[in-house]
Amino acid sequence: MNRNLSIEALGKVPVWDIIVIGGGATGLGIAVDAAQRGFRVLLLEKGDFAKGTSSRSTKLVHGGVRYLAQGNIKLVVEALRERGFLLANAPHLTRIQQFVIPVYSFFDKWFYGIGLAIYDLLSGKLSLGRTKVMGRKTVLSEIPFLKKDGLKGGVAYLDGQFDDARLAITLALTAHEQGAVLINYMCVSALVKVNGKVTGVTVQDELRDVHYNLESRVVINATGVFVDSILDMDNQASPAAVMPSQGVHLVVDKAFFPGNQALMIPKTKDGRVLFALPWQESIVIGTTDTPLNEIREEPVALKSEIDFIIAQFNAYSQKPITYADIRSVFAGLRPLVKTSNSGSTAMASRDHTIFVSGSNLITITGGKWTTYRKMAKDAVNNAAFVAKLPVIKCKTRKLKLHGASGSIHYGERFSSYGTDAVHIKQLIQQDPELGMPIAEGHSYCKAEIIWSVREEMAMTVEDILARRSRLLFLDAEKAIAAALPVAQLMAGLLNENEDWITHQVKSFHELAGGYIAGNIFSEN
Ligand SMILES: Cc1cc2nc3c(=O)[nH]c(=O)nc-3n(C[C@H](O)[C@H](O)[C@H](O)COP(=O)(O)OP(=O)(O)OC[C@H]3O[C@@H](n4cnc5c(N)ncnc54)[C@H](O)[C@@H]3O)c2cc1C
């Protein structure tokens, strides 16, 4: 995937079948699906792939235990099916994780035991394994730092886990493999209309001062929390489709939660669930559900959200965390579908919605990472109907994602690149220095940077440190320290000069400051 070649392709296709706006889980899934059906697809992303919500999730491939408690059986069943498909189609990016719910009354033990047995039953043939009711001793041996007072036992169940940004890049590579053209840093600034119908888009290249007018038989707005800005381009009187809700996660050292188990706290003060789960040799703890009026491209955690997560985690752990222990704090915005009666965002539906405007603009929003494939299928079916494209069935259910192979095992070094890992290893064989980690205690190395710049359209220091590697999300201070050497290496590969290096390092430092918990003093 090369950005210059993708831009050249713009001049070669006079009319696209489908233009997709937005390169998050939803847009990338649509690009894969539509390209696999044989349509000419162009995806335009204003920042980097997964720059939005899709790199800021809890990293669960799940049916959603909480949605079961809310009685949304349809969503849970659909998500459990999709969980099964994703685990099968991307074995190099997903794994099965055991979650333990500690219980402090015998009622809760059976309540959660039965509830989670139903959760497992709903997954049918795609079950990951049985739910287990555990005694107090077993729970304490699995989670040694759990507070013992009043503990009666626990319930263990299985769900999936993944690296969201890496899956997004893999979807981009899969779509590219299937013939789609994808371009990051390409912002849709206007819709082109003829006789009231959308016939294309105007785009601005954010890295060069160039704009393009592009024609398409149908345009899909898959911009997550930003869908309303595209709907406004279509019709300034259109009502808001999305209510944003912020979710925050803290990342701490594995020493605060050793072992392989994930903790699930089933009921926080605001009626949510809270997870503490192992991810990339660290522990991710979250999340919150804070309604916001403002949609920021780089959302920042509120102090009250950090305090809330710390208090909830510490209520269960013998090894409490403080601000000084937080290596990174990241915030993401849920694109919740606006309904007239949604009071609390915690209770708002996580279902997706698709609507076709009078101009034929198709908008899809809501949903979950886990259900991206089903969302894409529904969106492409609608787009094909609106644009009178040939009727071709969706074939993504069994489509192995880029790099998937039976011989790659999750967790091995470079395994998330799947079959591409061999190329990274070759670079290191040619020059062992390229295998050296860029930050102490993390395995990410220079060879991966070279690979991501050459093959994964990494254009900025942030692309490398936030999404091709996850260093910014794992340890913000170390990411800040790595910015200069990363910029220097990238400048050589991208033919950029000293000014570019200075600008990249400065803007990365500014951005990364928002991931350091200690910098967040008040309600920003
Ligand atoms: C805190 C939190 C935790 C979550 N945890 C989970 C989880 O564990 N499991 C799960 O399944 N789901 C989870 N989700 C839900 C999931 O992350 C989202 O549903 C999903 O990532 C949304 O993807 P999207 O593509 O719709 O939006 P985004 O990822 O936001 O993508 C939209 C893209 O559109 C681009 N864009 C906007 N305007 C333009 C324009 N004018 N031109 C071009 N591009 C544009 C943006 O830059 C952005 O990259 C979580 C969500 C949050 C907030």
# chains A, B, ... in the order shown; residues from 1 in each chain; ligands from 1
call {"tool": "select_by_dssp", "arguments": {"residues": "stretch 61-187 of chain A", "states": "helix (DSSP H, G or I)", "output": "JSON, numbers by chain"}}
result
{"A": [65, 66, 67, 68, 69, 73, 74, 75, 76, 77, 78, 79, 80, 81, 82, 83, 84, 85, 86, 87, 88, 89, 106, 107, 108, 109, 110, 111, 112, 113, 114, 115, 116, 117, 118, 119, 120, 121, 122, 124, 125, 126, 136, 137, 138, 139, 140, 141, 142, 164, 165, 166, 167, 168, 169, 170, 171, 172, 173, 174, 175, 176, 177]}
call {"tool": "write_last_selection", "arguments": {"atoms": "C-alpha atoms", "output": "mmCIF file, in the first residue's frame"}}
result
data_model
loop_
_atom_site.group_PDB
_atom_site.id
_atom_site.type_symbol
_atom_site.label_atom_id
_atom_site.label_comp_id
_atom_site.auth_asym_id
_atom_site.auth_seq_id
_atom_site.Cartn_x
_atom_site.Cartn_y
_atom_site.Cartn_z
ATOM 1 C CA VAL A 65 -22.098 -9.042 28.670
ATOM 2 C CA ARG A 66 -23.563 -5.666 29.580
ATOM 3 C CA TYR A 67 -25.907 -5.662 26.577
ATOM 4 C CA LEU A 68 -27.172 -9.053 27.727
ATOM 5 C CA ALA A 69 -27.991 -7.520 31.115
ATOM 6 C CA ILE A 73 -30.300 -10.318 22.930
ATOM 7 C CA LYS A 74 -30.259 -9.589 19.177
ATOM 8 C CA LEU A 75 -27.123 -7.447 19.461
ATOM 9 C CA VAL A 76 -25.404 -10.001 21.706
ATOM 10 C CA VAL A 77 -26.161 -12.927 19.380
ATOM 11 C CA GLU A 78 -25.011 -10.969 16.331
ATOM 12 C CA ALA A 79 -21.806 -9.850 18.081
ATOM 13 C CA LEU A 80 -21.058 -13.382 19.333
ATOM 14 C CA ARG A 81 -21.354 -14.717 15.779
ATOM 15 C CA GLU A 82 -19.062 -11.966 14.523
ATOM 16 C CA ARG A 83 -16.640 -12.712 17.380
ATOM 17 C CA GLY A 84 -16.412 -16.288 16.102
ATOM 18 C CA PHE A 85 -15.822 -15.206 12.484
ATOM 19 C CA LEU A 86 -13.150 -12.689 13.434
ATOM 20 C CA LEU A 87 -11.242 -15.143 15.620
ATOM 21 C CA ALA A 88 -11.246 -17.595 12.687
ATOM 22 C CA ASN A 89 -10.342 -15.067 9.998
ATOM 23 C CA PHE A 106 -23.977 -16.158 47.001
ATOM 24 C CA PHE A 107 -26.827 -14.505 45.108
ATOM 25 C CA ASP A 108 -24.330 -12.781 42.782
ATOM 26 C CA LYS A 109 -22.395 -16.000 42.327
ATOM 27 C CA TRP A 110 -25.426 -17.748 40.838
ATOM 28 C CA PHE A 111 -26.822 -14.643 39.166
ATOM 29 C CA TYR A 112 -23.624 -14.075 37.165
ATOM 30 C CA GLY A 113 -23.000 -17.810 36.799
ATOM 31 C CA ILE A 114 -26.378 -18.338 35.123
ATOM 32 C CA GLY A 115 -26.160 -15.080 33.134
ATOM 33 C CA LEU A 116 -22.769 -15.961 31.712
ATOM 34 C CA ALA A 117 -23.788 -19.539 30.984
ATOM 35 C CA ILE A 118 -26.578 -18.013 28.841
ATOM 36 C CA TYR A 119 -23.999 -15.688 27.240
ATOM 37 C CA ASP A 120 -21.994 -18.748 26.240
ATOM 38 C CA LEU A 121 -25.081 -20.652 25.056
ATOM 39 C CA LEU A 122 -26.000 -17.733 22.778
ATOM 40 C CA GLY A 124 -23.941 -21.664 19.778
ATOM 41 C CA LYS A 125 -21.391 -23.571 17.695
ATOM 42 C CA LEU A 126 -19.012 -20.625 17.944
ATOM 43 C CA ARG A 136 -12.944 -18.328 46.698
ATOM 44 C CA LYS A 137 -9.619 -20.191 46.803
ATOM 45 C CA THR A 138 -9.470 -20.662 43.031
ATOM 46 C CA VAL A 139 -10.289 -17.009 42.386
ATOM 47 C CA LEU A 140 -7.535 -15.886 44.743
ATOM 48 C CA SER A 141 -5.018 -18.207 43.135
ATOM 49 C CA GLU A 142 -5.922 -16.810 39.672
ATOM 50 C CA ASP A 164 -7.637 -2.495 17.344
ATOM 51 C CA ALA A 165 -5.234 -0.289 15.345
ATOM 52 C CA ARG A 166 -3.354 -3.305 13.984
ATOM 53 C CA LEU A 167 -6.637 -4.865 12.878
ATOM 54 C CA ALA A 168 -7.504 -1.587 11.142
ATOM 55 C CA ILE A 169 -4.201 -1.587 9.219
ATOM 56 C CA THR A 170 -4.775 -5.245 8.366
ATOM 57 C CA LEU A 171 -8.232 -4.413 6.999
ATOM 58 C CA ALA A 172 -6.683 -1.627 4.912
ATOM 59 C CA LEU A 173 -4.130 -4.098 3.536
ATOM 60 C CA THR A 174 -6.884 -6.673 2.897
ATOM 61 C CA ALA A 175 -9.005 -4.112 1.029
ATOM 62 C CA HIS A 176 -5.947 -3.065 -1.003
ATOM 63 C CA GLU A 177 -5.263 -6.730 -1.820
#
call {"tool": "closest_atom_pairs", "arguments": {"of": "chain A", "to": "ligand 1", "cutoff": "7 Å", "atoms": "only C-alpha atoms and all ligand atoms", "output": "CSV"}}
result
residue,atom,partner,partner_atom_place_in_ligand_line,distance
A:Ile21,CA,ligand 1,43 (C),5.0
A:Gly22,CA,ligand 1,34 (O),3.3
A:Gly23,CA,ligand 1,33 (C),4.9
A:Gly24,CA,ligand 1,25 (O),3.3
A:Ala25,CA,ligand 1,25 (O),4.0
A:Thr26,CA,ligand 1,25 (O),3.8
A:Gly27,CA,ligand 1,25 (O),5.4
A:Leu44,CA,ligand 1,43 (C),5.2
A:Glu45,CA,ligand 1,44 (N),3.7
A:Lys46,CA,ligand 1,43 (C),3.8
A:Gly47,CA,ligand 1,47 (O),5.0
A:Asp48,CA,ligand 1,49 (O),6.5
A:Phe49,CA,ligand 1,49 (O),5.8
A:Ala50,CA,ligand 1,49 (O),5.0
A:Lys51,CA,ligand 1,49 (O),4.7
A:Gly52,CA,ligand 1,30 (O),3.7
A:Thr53,CA,ligand 1,29 (O),3.9
A:Ser54,CA,ligand 1,21 (O),3.3
A:Ser55,CA,ligand 1,29 (O),6.9
A:Arg56,CA,ligand 1,2 (C),6.0
A:Ser57,CA,ligand 1,4 (C),3.5
A:Thr58,CA,ligand 1,8 (O),3.7
A:Lys59,CA,ligand 1,8 (O),4.2
A:Leu60,CA,ligand 1,8 (O),3.7
A:Val61,CA,ligand 1,11 (O),5.4
A:His62,CA,ligand 1,11 (O),6.2
A:Met186,CA,ligand 1,43 (C),6.1
A:Cys187,CA,ligand 1,42 (N),3.8
A:Val188,CA,ligand 1,42 (N),3.9
A:Ser189,CA,ligand 1,41 (N),5.8
A:Ala222,CA,ligand 1,26 (O),5.9
A:Thr223,CA,ligand 1,34 (O),3.5
A:Gly224,CA,ligand 1,27 (O),3.5
A:Val225,CA,ligand 1,30 (O),5.8
A:Phe226,CA,ligand 1,37 (C),5.1
A:Ile230,CA,ligand 1,41 (N),6.4
A:Gln246,CA,ligand 1,53 (C),5.9
A:Gly247,CA,ligand 1,1 (C),3.5
A:Val248,CA,ligand 1,1 (C),5.6
A:Thr287,CA,ligand 1,1 (C),5.9
A:Thr288,CA,ligand 1,1 (C),7.0
A:Ala331,CA,ligand 1,1 (C),6.4
A:Gly332,CA,ligand 1,53 (C),4.2
A:Leu333,CA,ligand 1,53 (C),4.1
A:Arg334,CA,ligand 1,53 (C),3.9
A:Pro335,CA,ligand 1,19 (O),6.6
A:Thr365,CA,ligand 1,26 (O),5.6
A:Gly366,CA,ligand 1,19 (O),5.9
A:Gly367,CA,ligand 1,19 (O),4.9
A:Lys368,CA,ligand 1,19 (O),3.5
A:Trp369,CA,ligand 1,11 (O),3.5
A:Thr370,CA,ligand 1,11 (O),3.7
A:Thr371,CA,ligand 1,11 (O),6.5
call {"tool": "write_last_selection", "arguments": {"atoms": "C-alpha atoms", "output": "PDB file, in the first residue's frame"}}
result
ATOM      1  CA  ILE A  21     -15.517   8.483   3.672  1.00  0.00           C
ATOM      2  CA  GLY A  22     -13.724   7.427   6.864  1.00  0.00           C
ATOM      3  CA  GLY A  23     -10.935   4.933   7.524  1.00  0.00           C
ATOM      4  CA  GLY A  24     -11.987   3.474  10.883  1.00  0.00           C
ATOM      5  CA  ALA A  25     -13.381   0.000  11.545  1.00  0.00           C
ATOM      6  CA  THR A  26     -16.611   0.774   9.682  1.00  0.00           C
ATOM      7  CA  GLY A  27     -15.149   2.362   6.549  1.00  0.00           C
ATOM      8  CA  LEU A  44     -10.667   8.502   1.913  1.00  0.00           C
ATOM      9  CA  GLU A  45      -9.472   9.118   5.469  1.00  0.00           C
ATOM     10  CA  LYS A  46      -8.778  12.646   6.716  1.00  0.00           C
ATOM     11  CA  GLY A  47      -6.127  11.556   9.229  1.00  0.00           C
ATOM     12  CA  ASP A  48      -4.492   8.172   9.513  1.00  0.00           C
ATOM     13  CA  PHE A  49      -6.378   4.859   9.369  1.00  0.00           C
ATOM     14  CA  ALA A  50      -7.931   4.266  12.829  1.00  0.00           C
ATOM     15  CA  LYS A  51      -6.951   7.754  14.014  1.00  0.00           C
ATOM     16  CA  GLY A  52     -10.495   8.114  15.403  1.00  0.00           C
ATOM     17  CA  THR A  53     -12.356   5.833  17.800  1.00  0.00           C
ATOM     18  CA  SER A  54     -11.030   2.658  16.195  1.00  0.00           C
ATOM     19  CA  SER A  55      -7.627   2.841  17.917  1.00  0.00           C
ATOM     20  CA  ARG A  56      -9.117   3.757  21.320  1.00  0.00           C
ATOM     21  CA  SER A  57     -11.334   0.788  22.188  1.00  0.00           C
ATOM     22  CA  THR A  58     -11.102  -1.638  25.123  1.00  0.00           C
ATOM     23  CA  LYS A  59      -9.734  -4.152  22.595  1.00  0.00           C
ATOM     24  CA  LEU A  60     -12.432  -6.770  23.195  1.00  0.00           C
ATOM     25  CA  VAL A  61     -13.928  -8.991  20.523  1.00  0.00           C
ATOM     26  CA  HIS A  62     -17.088  -9.646  22.454  1.00  0.00           C
ATOM     27  CA  MET A 186      -7.235  12.957   2.437  1.00  0.00           C
ATOM     28  CA  CYS A 187     -10.108  15.000   3.866  1.00  0.00           C
ATOM     29  CA  VAL A 188     -13.528  15.201   2.243  1.00  0.00           C
ATOM     30  CA  SER A 189     -14.339  18.923   2.304  1.00  0.00           C
ATOM     31  CA  ALA A 222     -18.670   6.081   7.559  1.00  0.00           C
ATOM     32  CA  THR A 223     -17.111   8.776   9.712  1.00  0.00           C
ATOM     33  CA  GLY A 224     -18.085   7.532  13.179  1.00  0.00           C
ATOM     34  CA  VAL A 225     -18.701  10.436  15.560  1.00  0.00           C
ATOM     35  CA  PHE A 226     -18.110  12.833  12.639  1.00  0.00           C
ATOM     36  CA  ILE A 230     -20.769  15.126   6.394  1.00  0.00           C
ATOM     37  CA  GLN A 246     -16.349   9.513  25.874  1.00  0.00           C
ATOM     38  CA  GLY A 247     -14.645   6.399  27.193  1.00  0.00           C
ATOM     39  CA  VAL A 248     -11.284   6.564  28.938  1.00  0.00           C
ATOM     40  CA  THR A 287     -13.776   2.442  30.691  1.00  0.00           C
ATOM     41  CA  THR A 288     -16.057   5.410  31.372  1.00  0.00           C
ATOM     42  CA  ALA A 331      -9.805   8.642  25.443  1.00  0.00           C
ATOM     43  CA  GLY A 332     -12.159   7.659  22.629  1.00  0.00           C
ATOM     44  CA  LEU A 333     -15.587   8.792  21.481  1.00  0.00           C
ATOM     45  CA  ARG A 334     -18.434   6.337  20.985  1.00  0.00           C
ATOM     46  CA  PRO A 335     -20.615   7.161  18.000  1.00  0.00           C
ATOM     47  CA  THR A 365     -22.881   4.859  12.349  1.00  0.00           C
ATOM     48  CA  GLY A 366     -23.041   3.266  15.808  1.00  0.00           C
ATOM     49  CA  GLY A 367     -22.104  -0.382  16.221  1.00  0.00           C
ATOM     50  CA  LYS A 368     -18.973  -1.953  17.635  1.00  0.00           C
ATOM     51  CA  TRP A 369     -15.560  -3.000  16.406  1.00  0.00           C
ATOM     52  CA  THR A 370     -16.671  -6.619  16.852  1.00  0.00           C
ATOM     53  CA  THR A 371     -19.555  -6.205  14.401  1.00  0.00           C
TER      54      THR A 371
END
call {"tool": "residues_around", "arguments": {"residues": "A:Leu158", "least_positions_apart": "5", "cutoff": "7 Å", "atoms": "only C-alpha atoms", "output": "ChimeraX atom specification"}}
result
/A:96-99,128-129
call {"tool": "write_last_selection", "arguments": {"atoms": "C-alpha atoms", "output": "CSV table (one decimal), in the first residue's frame"}}
result
chain,number,residue,atom,x,y,z
A,96,ILE,CA,-9.2,-16.0,23.6
A,97,GLN,CA,-9.1,-14.3,27.0
A,98,GLN,CA,-10.5,-15.6,30.3
A,99,PHE,CA,-12.4,-13.0,32.4
A,128,LEU,CA,-15.1,-20.4,23.0
A,129,GLY,CA,-15.6,-22.6,26.0
call {"tool": "residues_around", "arguments": {"residues": "A:Lys132", "least_positions_apart": "3", "cutoff": "7 Å", "atoms": "only C-alpha atoms", "output": "count of residues only"}}
result
3
call {"tool": "residues_around", "arguments": {"residues": "A:Ser328", "least_positions_apart": "3", "cutoff": "10 Å", "atoms": "only C-alpha atoms", "output": "list in words"}}
result
His249, Leu250, Val251, Val252, Val284, Asp325, Leu471, Leu472, Phe473, Leu474, Asp475, Ala476, Glu477, Lys478, Ala479, Ala512, Gly513, Gly514, Tyr515, Ile516, Ala517 and Gly518 of chain A
call {"tool": "residues_around", "arguments": {"residues": "A:Met490", "least_positions_apart": "5", "cutoff": "9 Å", "atoms": "only C-alpha atoms", "output": "VMD selection string"}}
result
chain A and resid 449 to 450 453 459 to 461 485 495 to 496 501
call {"tool": "write_last_selection", "arguments": {"atoms": "C-alpha atoms", "output": "mmCIF file, in the first residue's frame"}}
result
data_model
loop_
_atom_site.group_PDB
_atom_site.id
_atom_site.type_symbol
_atom_site.label_atom_id
_atom_site.label_comp_id
_atom_site.auth_asym_id
_atom_site.auth_seq_id
_atom_site.Cartn_x
_atom_site.Cartn_y
_atom_site.Cartn_z
ATOM 1 C CA ILE A 449 9.205 1.319 11.134
ATOM 2 C CA ILE A 450 10.817 0.677 7.753
ATOM 3 C CA VAL A 453 6.575 3.338 5.989
ATOM 4 C CA MET A 459 3.278 9.061 6.966
ATOM 5 C CA THR A 460 3.949 10.726 10.334
ATOM 6 C CA VAL A 461 5.714 10.058 13.624
ATOM 7 C CA PRO A 485 14.923 8.904 16.398
ATOM 8 C CA ASN A 495 12.822 11.950 1.584
ATOM 9 C CA GLU A 496 11.978 14.672 4.081
ATOM 10 C CA ILE A 501 11.799 16.356 11.547
#
call {"tool": "closest_residue", "arguments": {"among": "A:Ala240, A:Met233, A:Leu277, A:Ala180", "to": "A:Val192", "atoms": "only C-alpha atoms"}}
result
A:Met233
call {"tool": "closest_residue", "arguments": {"among": "A:Arg454, A:Lys506, A:Lys152, A:Lys338", "to": "A:Leu5", "atoms": "only C-alpha atoms"}}
result
A:Arg454
call {"tool": "closest_residue", "arguments": {"among": "A:Asn260, A:Ser245, A:Asn314, A:Ser357", "to": "A:Arg296", "atoms": "only C-alpha atoms"}}
result
A:Ser245
